[in-house]
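Just below is one structure, and these are the notes that go with it.
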Amino acid sequence: IITAMCFFTLAGILALAMRIQLAVPSNHFLNPDRYNQFFTTHGTAMMFLFAVPVMEGFGLYLVPLLVGTRNVAFPKLMTFSYFVYLSAGLALFLGLVCDMGPDVGWFAYTPLSGPSFSPGHRVDLWSQMVTLVEISTLASAVDIITTIFKMRAPGMSLNRMPIFVWSQLVTSWMIIFAMPSVMLCSTMLSTDRLTHIGTHIYNQAEGGDHLLWQHLFWFFAHPEVYIIFIPAAGFVSAILPAMTRRKIFGYTAVVLSNVATAFIGFGVWVHHMFVTPVPELGAGMFTAASLMIVIPTGVQMFCWIATIWGGRPQWKLPFLWVIGFIAVFLIGGLSGVMLASTNIDSQVHDTMFVVAHLHYVLIGGSVFPLFAAFYYWFPKWTGRYLGSGLGHANFWLMFIGFNLTFWPLHHLGLHGMTRRVYTYLPETGWGPLNFIATIGAFTIALSVLCFMINVIASRKRGMLAGTNPWGAGTFEWATSSPPANYNFVHPPTCQGREPIWENQPDAAIVTGLRTDIRQALSTTTLDAAPHHRYDLARSSIHPFLVAAATAYALLGGGIFHPRHAVYALILATILLWIWFWTSEKKQRGIANLTWSK
Ligand code: HAS
Ligand code: CU
């Protein structure tokens, strides 16, 4: 989570530079080449290195606590995933510093990103870091799914799982189907580009197809936007019950909406390609699917509103951020509905209108809930509240700054201002609105600064929060704050969807798990009946070494010479062999646990 926030800050600084460049017409703060590198690195970092990883970070941290277990299923895999992710992020930003920042947009369309239009190593680095970061994302997704399916507290059947856990489950499954698509297309881009391999997969002149790139990329990238939004919606569903003193309205409807969003989300990708030659009937199908996805999102929205309506809302900071989210995301969702129409889209595609839409949904739909999550779970991490004064400054500066920055972009887009062009002429009349947007961007930066100061100041000196500061009903608050490394000495059992509220005073706890080694209880997938004791991995250097070999394989092989990939593969095989050879025996037979009342 912290690493993702660092990438968020770096990408944010790039955005400020772009906004300075666009503040007035015919500006020369950034030259066109630098501008191209900045917007590409900004988009790449925000989508690949911030938004998805930060949500997975929350998943890896919170899922074990929420399902009442001691750890994630595969701690070593998580370590591997982290270092692969870190190396991908460092590669991107080191590249930028060395004037090797990618400059073809975060969706890197071929043939622009192919060898003939983008010689040099900028795109090589980009495509390999994308593959690398998705290896990490996949590893985390596998870890989260296994933890959810096999390690829930006894009694936590699937229909009692907290909605945040559901959202992580759905998201992780989406990752498993979406990420291979982008890994495939970025690897094929690399083989097209590498002179030693020299395939022509996207090369129209040699019988390849450059539109194949767009299909494979958007088949990943559209689901990706819901991979970011669904966990954020999970935050909202987790926070609202505690803030309104009631259970979520329409649990089943919310869960099924998430599942439906995941399914429909794989059937809308062509709405990013309406201006390519797609057959009219096909385009119509994708418009229909894009409109259909509004239904599950709308169902969730109305369930949240009903929860607030029927509860006793407490205007604390996490709740304020949730309200901000509902307002801002609604606007972004509605511009999405407009874009889903081929007629409108063919007019505003590639203009600032799309930029306005994507920031309303991404910042509104995931950064606002993310801040709600920070204010809500900070006491879990530190035992202290985040300060209220700086918290309110953080919220209001963000809310005002955000709308100042991105509302004008709707108008600019409708007036024809295209995205990804480094400047514009004074005669266009776009100056004043752009200037307002730049002021807004700096207001957002100020807001994030307030947040950072708040975190640093509150970490040691914030108001003490106690074990269950919000009076919430889910298991993460059933242990001390901050929790010990093993979360629970005696893991709890579960008798309802909000177990702290619903468990009888004599509810059983799990005893008999060893405390001298990392041991957890494995339960059955549907009903979470105790099954066996499960010894978790010990601390180990191997995941780090395998991650380093993986990074070397992709970056060395893709940027310098394919032979590096071969060396790295041999190295990684040896390292993996040692990893598995030295792993502890996992199962210790069927559980003979004592249950104490
Ligand atoms: Fe989007 C482009 C359509 C949701 C993110 N989207 C993007 C890009 C990003 C992004 C990053 O069809 C740009 C990528 C790039 O770099 O080019 N989007 C939609 C639709 C929805 C939607 C229909 N998007 C998201 C979410 C995102 C996200 C969530 C991230 C978190 N988006 C598009 C289209 C494009 C696009 C086109 C391509 C544009 C182009 O030309 O490039 C929906 O999921 C939104 C549903 C939510 C709501 C609000 C709540 C619902 C209620 C129910 C009642 C509403 C009704 C509608 C009945 C709608 C309250 C009434 C309709 C009226 C107009 C009044
Ligand atoms: Cu889309």
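If you're wondering about the labels, chains in the structure tokens are A, B, ... by order shown, residues count from 1 in each chain, ligands from 1 in order shown.
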Inset, instruction - Check which residues fall inside 9 Å of ligand 2 when counting only C-alpha atoms and all ligand atoms, and print them as JSON, numbers by chain. - result: {"A": [218, 221, 222, 223, 224, 225, 226, 265, 268, 269, 270, 271, 272, 290, 336, 340]}
For all heavy atoms, I'd like the residues from the last selection saved as a short mmCIF file (atom, residue, chain, number, x, y, z; two decimals), in the first residue's frame.
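Everything below was put into out_6.cif:
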data_model
loop_
_atom_site.label_atom_id
_atom_site.label_comp_id
_atom_site.auth_asym_id
_atom_site.auth_seq_id
_atom_site.Cartn_x
_atom_site.Cartn_y
_atom_site.Cartn_z
N TRP A 218 -7.85 -3.99 -24.92
CA TRP A 218 -9.08 -3.56 -24.24
C TRP A 218 -9.82 -4.71 -23.61
O TRP A 218 -10.60 -4.52 -22.68
CB TRP A 218 -9.97 -2.76 -25.20
CG TRP A 218 -9.40 -1.41 -25.51
CD1 TRP A 218 -9.00 -0.97 -26.74
CD2 TRP A 218 -9.13 -0.33 -24.60
NE1 TRP A 218 -8.49 0.31 -26.64
CE2 TRP A 218 -8.57 0.72 -25.33
CE3 TRP A 218 -9.31 -0.16 -23.22
CZ2 TRP A 218 -8.18 1.94 -24.75
CZ3 TRP A 218 -8.93 1.04 -22.64
CH2 TRP A 218 -8.37 2.07 -23.41
N ALA A 221 -8.15 -4.13 -20.58
CA ALA A 221 -8.21 -2.82 -19.93
C ALA A 221 -9.63 -2.42 -19.56
O ALA A 221 -9.82 -1.69 -18.61
CB ALA A 221 -7.58 -1.75 -20.82
N HIS A 222 -10.64 -2.91 -20.30
CA HIS A 222 -11.95 -2.58 -19.76
C HIS A 222 -12.23 -3.32 -18.46
O HIS A 222 -12.57 -2.68 -17.47
CB HIS A 222 -13.13 -2.72 -20.75
CG HIS A 222 -14.33 -2.23 -20.03
ND1 HIS A 222 -14.67 -0.90 -19.98
CD2 HIS A 222 -15.15 -2.85 -19.15
CE1 HIS A 222 -15.65 -0.74 -19.12
NE2 HIS A 222 -15.97 -1.90 -18.61
N PRO A 223 -12.06 -4.65 -18.41
CA PRO A 223 -12.23 -5.29 -17.09
C PRO A 223 -11.37 -4.63 -16.02
O PRO A 223 -11.78 -4.51 -14.87
CB PRO A 223 -11.79 -6.73 -17.35
CG PRO A 223 -12.11 -6.95 -18.78
CD PRO A 223 -11.84 -5.64 -19.46
N GLU A 224 -10.20 -4.15 -16.40
CA GLU A 224 -9.33 -3.52 -15.41
C GLU A 224 -10.03 -2.36 -14.69
O GLU A 224 -9.83 -2.16 -13.51
CB GLU A 224 -8.03 -3.04 -16.05
CG GLU A 224 -7.35 -1.94 -15.22
CD GLU A 224 -5.86 -2.01 -15.14
OE1 GLU A 224 -5.36 -3.10 -14.82
OE2 GLU A 224 -5.20 -0.99 -15.39
N VAL A 225 -10.85 -1.59 -15.41
CA VAL A 225 -11.47 -0.45 -14.72
C VAL A 225 -12.43 -0.95 -13.64
O VAL A 225 -12.59 -0.31 -12.60
CB VAL A 225 -12.14 0.56 -15.68
CG1 VAL A 225 -11.18 1.03 -16.74
CG2 VAL A 225 -13.43 0.04 -16.28
N TYR A 226 -13.04 -2.11 -13.86
CA TYR A 226 -13.89 -2.67 -12.80
C TYR A 226 -13.06 -3.39 -11.76
O TYR A 226 -13.47 -3.50 -10.60
CB TYR A 226 -14.97 -3.58 -13.38
CG TYR A 226 -15.93 -2.78 -14.23
CD1 TYR A 226 -15.89 -2.85 -15.61
CD2 TYR A 226 -16.83 -1.89 -13.63
CE1 TYR A 226 -16.73 -2.07 -16.38
CE2 TYR A 226 -17.66 -1.11 -14.40
CZ TYR A 226 -17.61 -1.21 -15.78
OH TYR A 226 -18.42 -0.43 -16.54
N GLY A 265 -18.60 -6.98 -17.61
CA GLY A 265 -17.38 -6.19 -17.84
C GLY A 265 -16.46 -6.80 -18.88
O GLY A 265 -15.63 -6.11 -19.48
N VAL A 268 -17.67 -5.66 -23.02
CA VAL A 268 -17.92 -4.28 -23.46
C VAL A 268 -16.70 -3.63 -24.10
O VAL A 268 -16.74 -2.44 -24.43
CB VAL A 268 -18.41 -3.40 -22.28
CG1 VAL A 268 -19.64 -3.98 -21.63
CG2 VAL A 268 -17.33 -3.18 -21.26
N TRP A 269 -15.61 -4.38 -24.30
CA TRP A 269 -14.35 -3.71 -24.61
C TRP A 269 -14.37 -2.91 -25.90
O TRP A 269 -13.63 -1.94 -26.04
CB TRP A 269 -13.20 -4.72 -24.60
CG TRP A 269 -13.08 -5.57 -25.83
CD1 TRP A 269 -12.33 -5.29 -26.93
CD2 TRP A 269 -13.72 -6.83 -26.08
NE1 TRP A 269 -12.46 -6.30 -27.85
CE2 TRP A 269 -13.30 -7.26 -27.36
CE3 TRP A 269 -14.60 -7.64 -25.36
CZ2 TRP A 269 -13.74 -8.45 -27.94
CZ3 TRP A 269 -15.02 -8.83 -25.93
CH2 TRP A 269 -14.60 -9.22 -27.21
N VAL A 270 -15.23 -3.30 -26.85
CA VAL A 270 -15.19 -2.60 -28.13
C VAL A 270 -15.70 -1.16 -28.01
O VAL A 270 -15.49 -0.34 -28.90
CB VAL A 270 -15.96 -3.41 -29.20
CG1 VAL A 270 -16.08 -2.66 -30.51
CG2 VAL A 270 -15.21 -4.72 -29.47
N HIS A 271 -16.31 -0.78 -26.85
CA HIS A 271 -16.71 0.63 -26.75
C HIS A 271 -15.50 1.58 -26.72
O HIS A 271 -15.66 2.77 -26.86
CB HIS A 271 -17.70 0.89 -25.60
CG HIS A 271 -17.16 0.76 -24.21
ND1 HIS A 271 -17.97 0.47 -23.14
CD2 HIS A 271 -15.92 0.89 -23.70
CE1 HIS A 271 -17.24 0.43 -22.04
NE2 HIS A 271 -16.00 0.69 -22.36
N HIS A 272 -14.31 1.04 -26.59
CA HIS A 272 -13.10 1.87 -26.73
C HIS A 272 -12.66 1.94 -28.19
O HIS A 272 -11.68 2.62 -28.50
CB HIS A 272 -11.96 1.31 -25.88
CG HIS A 272 -12.27 1.32 -24.42
ND1 HIS A 272 -12.05 2.41 -23.62
CD2 HIS A 272 -12.82 0.38 -23.61
CE1 HIS A 272 -12.44 2.14 -22.39
NE2 HIS A 272 -12.92 0.92 -22.35
N SER A 290 -22.71 -2.14 -22.78
CA SER A 290 -22.23 -1.04 -21.95
C SER A 290 -23.39 -0.39 -21.20
O SER A 290 -23.21 0.12 -20.09
CB SER A 290 -21.52 0.02 -22.80
OG SER A 290 -20.51 -0.58 -23.56
N GLY A 336 -20.18 8.10 -18.76
CA GLY A 336 -19.92 6.78 -19.36
C GLY A 336 -21.10 6.33 -20.21
O GLY A 336 -20.92 5.83 -21.32
N ALA A 340 -21.12 5.49 -24.24
CA ALA A 340 -21.48 4.17 -24.74
C ALA A 340 -22.28 4.24 -26.02
O ALA A 340 -22.44 3.25 -26.73
CB ALA A 340 -22.25 3.40 -23.67
#
Inset, instruction - Compute the set of protein, DNA and RNA residues whose minimum atom distance to ligand 1 is at most 6 Å, using only C-alpha atoms and all ligand atoms, and state it as a ChimeraX atom specification. - result: /A:225-226,228-229,271-272,290-291,293-294,297-298,330,333-334,336-340,345,349-350,354,358,361-362,365
I need the chosen residues saved as a compact mmCIF listing (two decimals), in the first residue's frame, with N, CA and C atoms.
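Wrote result00.txt, looks like this:
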# COMPACT_ATOMS: atom_id res chain seq x y z
N VAL A 225 -10.85 -1.59 -15.41
CA VAL A 225 -11.47 -0.45 -14.72
C VAL A 225 -12.43 -0.95 -13.64
N TYR A 226 -13.04 -2.11 -13.86
CA TYR A 226 -13.89 -2.67 -12.80
C TYR A 226 -13.06 -3.39 -11.76
N ILE A 228 -10.56 -2.13 -10.63
CA ILE A 228 -10.26 -1.02 -9.72
C ILE A 228 -11.53 -0.59 -8.97
N PHE A 229 -12.65 -0.58 -9.69
CA PHE A 229 -13.87 -0.05 -9.07
C PHE A 229 -14.50 -1.03 -8.07
N HIS A 271 -16.31 -0.78 -26.85
CA HIS A 271 -16.71 0.63 -26.75
C HIS A 271 -15.50 1.58 -26.72
N HIS A 272 -14.31 1.04 -26.59
CA HIS A 272 -13.10 1.87 -26.73
C HIS A 272 -12.66 1.94 -28.19
N SER A 290 -22.71 -2.14 -22.78
CA SER A 290 -22.23 -1.04 -21.95
C SER A 290 -23.39 -0.39 -21.20
N LEU A 291 -24.57 -0.37 -21.83
CA LEU A 291 -25.72 0.20 -21.12
C LEU A 291 -26.21 -0.77 -20.05
N ILE A 293 -24.49 -2.71 -18.20
CA ILE A 293 -23.64 -2.74 -17.00
C ILE A 293 -24.05 -1.63 -16.03
N VAL A 294 -24.81 -0.67 -16.52
CA VAL A 294 -25.31 0.39 -15.64
C VAL A 294 -26.24 -0.22 -14.58
N THR A 297 -24.44 -1.59 -11.43
CA THR A 297 -23.85 -0.46 -10.71
C THR A 297 -24.94 0.36 -10.03
N GLY A 298 -26.03 0.59 -10.77
CA GLY A 298 -27.15 1.35 -10.20
C GLY A 298 -27.75 0.63 -9.00
N LEU A 330 -21.21 9.29 -9.56
CA LEU A 330 -22.46 9.37 -10.32
C LEU A 330 -22.24 10.17 -11.61
N GLY A 333 -20.20 8.13 -14.01
CA GLY A 333 -21.00 7.04 -14.56
C GLY A 333 -21.91 7.55 -15.66
N LEU A 334 -22.49 8.70 -15.44
CA LEU A 334 -23.43 9.22 -16.45
C LEU A 334 -22.70 9.62 -17.73
N GLY A 336 -20.18 8.10 -18.76
CA GLY A 336 -19.92 6.78 -19.36
C GLY A 336 -21.10 6.33 -20.21
N VAL A 337 -22.31 6.54 -19.69
CA VAL A 337 -23.50 6.15 -20.45
C VAL A 337 -23.56 6.93 -21.76
N MET A 338 -23.17 8.21 -21.70
CA MET A 338 -23.18 9.00 -22.94
C MET A 338 -22.17 8.43 -23.94
N LEU A 339 -20.97 8.08 -23.43
CA LEU A 339 -19.92 7.58 -24.32
C LEU A 339 -20.27 6.22 -24.92
N ALA A 340 -21.12 5.49 -24.24
CA ALA A 340 -21.48 4.17 -24.74
C ALA A 340 -22.28 4.24 -26.02
N ASP A 345 -19.94 8.97 -29.11
CA ASP A 345 -18.53 8.62 -28.98
C ASP A 345 -17.73 8.99 -30.22
N HIS A 349 -14.62 10.99 -29.07
CA HIS A 349 -13.50 10.07 -28.84
C HIS A 349 -12.18 10.81 -28.96
N ASP A 350 -11.24 10.48 -28.08
CA ASP A 350 -9.91 11.11 -28.11
C ASP A 350 -9.94 12.60 -27.79
N VAL A 354 -13.41 12.47 -22.82
CA VAL A 354 -13.08 11.14 -22.31
C VAL A 354 -12.17 11.25 -21.09
N LEU A 358 -12.95 9.62 -17.52
CA LEU A 358 -12.13 8.60 -16.85
C LEU A 358 -11.66 9.07 -15.48
N VAL A 361 -14.67 8.76 -12.96
CA VAL A 361 -14.90 7.40 -12.46
C VAL A 361 -13.71 6.87 -11.67
N LEU A 362 -12.49 7.22 -12.14
CA LEU A 362 -11.34 6.64 -11.43
C LEU A 362 -11.07 7.35 -10.11
N GLY A 365 -14.57 7.14 -8.31
CA GLY A 365 -14.97 5.78 -8.01
C GLY A 365 -13.94 4.98 -7.26
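Those residues that approach Ser583 (chain A) to within 12 Å, counting only C-alpha atoms, are A:Phe74, A:Lys76, A:Asp535, A:Leu536, A:Ala537, A:Arg538, A:Ser539, A:Ser540, A:Ile541, A:His542, A:Pro543, A:Leu576, A:Trp577, A:Ile578, A:Trp579, A:Phe580, A:Trp581, A:Lys585, A:Lys586, A:Gln587; same-chain residues fewer than 2 positions away are not listed.
Taking CA of Phe402 (chain A) as the reference point, CA of Ile363 (chain A) is found at 8.3 Å.
Minimum atom-to-atom distance to Leu16 (chain A), evaluated using only C-alpha atoms, belongs to A:Phe442 out of A:Tyr424, A:Phe442, A:Tyr82, A:Tyr376.
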